[in-house]
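Data block below; observations after.
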Amino acid sequence: MSAAAESGARVAILDYGMGNLRSVEKALERVGATVSITADHAAARDADGVILPGVGAFPKAMTRIRELGLDELVTERVAAGVPVLGICLGLQLLFSHSDEMGGADGLGVLEGDVTELRADGLKVPHIGWAHVERDGDSRLFDGLDAGTPFYFVHTYAARPEAEDVAATAGYGERFACAVERDNVYGVQFHPEKSSSAGLRLLANFAAICAGATTTA
């Protein structure tokens, strides 16, 4: 976690009224990042990286995001090469569409849909720890062992393109729990609730932010 502490990365957590904002903020501060919780576009543009959190229903979240113009902001930041990390619902919002509550379009930053977790008779939502297996290399998981457990709370799962899958977990089915495409990252689990492993992942993201080459 020293890389993040030394980097002084500035990270903006987007506030649209649905997310575990304070816990994410505190976890990032523990690994040395300078954090702002904001819906202000100028403040987000001034940051080295952006986090899109989320807890709740996909359609309501997208309504709030569009009301605040954060859909355009996220798309702009992605195009500028700024690292963007979606957490839990925030991961799902990066995709094209969700079936939740009758369906809604997402940000479309990543190709794929979000559908109900095929839990094969297990209780949903999926709540608790699950072992995460990498699918290829991802800077998010630097320094973390294969099969490291992370904490999950979700009913739906993203169905990304195969080349965008960074890690998978199992709960009735094997599902993508982390994605990466260029400067876009996402995790279905909650790193802020995942003890030392979650802190390491957030430290890795802060280090990515500090080293990113961006355009305004």
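Naming works like this for the structure tokens: A, B, ... for the chains as they're shown, residue 1 at the start of each chain, ligands 1 onward in shown order.
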
List every residue of region 11-89 of chain A that DSSP, applied to the backbone, labels as helix (DSSP H, G or I), and write the result as a ChimeraX atom specification. /A:21-30,41-45,58-67,70-79,89

Can you pull out every residue within 8 Å of region 94-96 of chain A, counting only C-alpha atoms, but drop anything in the same chain fewer than 2 positions away, and send it as a PyMOL selection string? chain A and resi 86+90-92+98+105-114+158+160

Determine, counting only C-alpha atoms, which protein, DNA and RNA residues have an atom within 12 Å of an atom of Gln188 (chain A); residues of the same chain fewer than 2 positions away are not included. Present the result as a PyMOL selection string. chain A and resi 52-55+85-94+114+117+126-127+129-130+132+150-159+165-169+175-179+185-186+190-192+194

Can you tell me, as a list in words, what residues are no more than 10 Å from Cys209 (chain A) when counting only C-alpha atoms, ignoring any on the same chain fewer than 3 positions away?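 Answer for this query is Ala4, Ser7, Gly8, Ala9, Arg10, Val11, Ala33, Ala47, Asp48, Gly49, Val50, Val82, Pro83, Val84, Asn183, Ala203, Asn204, Phe205, Ala206, Ala212, Thr213 and Thr214 of chain A.
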
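Counting only C-alpha atoms, the residue from A:Ile13, A:Leu199, A:Ala43, A:Ala119 that sits nearest to Glu173 (chain A) is A:Ala119.
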
Among region 3-213 of chain A, which ones does DSSP assign to strand (DSSP E) (computed from the backbone)? Answer as a ChimeraX atom specification. /A:10-14,34-38,49-52,84-87,97-98,104-105,112-116,126-134,148-154,156-160,165-171,173-181,184-187

Nearby residues (only C-alpha atoms) at most 7 Å from Thr38 (chain A), same-chain spacing under 3 positions excluded, as a short mmCIF file (atom, residue, chain, number, x, y, z; two decimals) with C-alpha atoms, in the first residue's frame:
```
data_model
loop_
_atom_site.label_atom_id
_atom_site.label_comp_id
_atom_site.auth_asym_id
_atom_site.auth_seq_id
_atom_site.Cartn_x
_atom_site.Cartn_y
_atom_site.Cartn_z
CA ALA A 12 -13.13 11.89 -6.58
CA ILE A 13 -16.02 9.72 -5.32
CA LEU A 14 -19.13 10.68 -7.29
CA ASP A 15 -22.07 11.49 -5.04
#
```

Check the smallest atom-to-atom distance from each of A:Lys193, A:Arg139, A:Arg200, A:His131 to Arg181 (chain A) using only C-alpha atoms, then report the winner.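 Checking each candidate against Arg181 (chain A), we get A:Arg139 as the closest.
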
Between CA of Leu201 (chain A) and CA of Met18 (chain A) - distance in Å to one decimal: 21.9 Å

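Nearest residue to Val124 (chain A), choosing from A:Gly102, A:Gly172, A:Pro149, A:Gly81 and counting only C-alpha atoms: A:Gly172.
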
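Taking CA of Thr148 (chain A) as the reference point, CA of Glu180 (chain A) is found at 18.0 Å.
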
Skip Arg22 (chain A) itself and residues of its chain fewer than 3 positions away, then list as an MDAnalysis selection string all residues within 10 Å of it, counting only C-alpha atoms. chainID A and resid 13 19 25:28 37 192
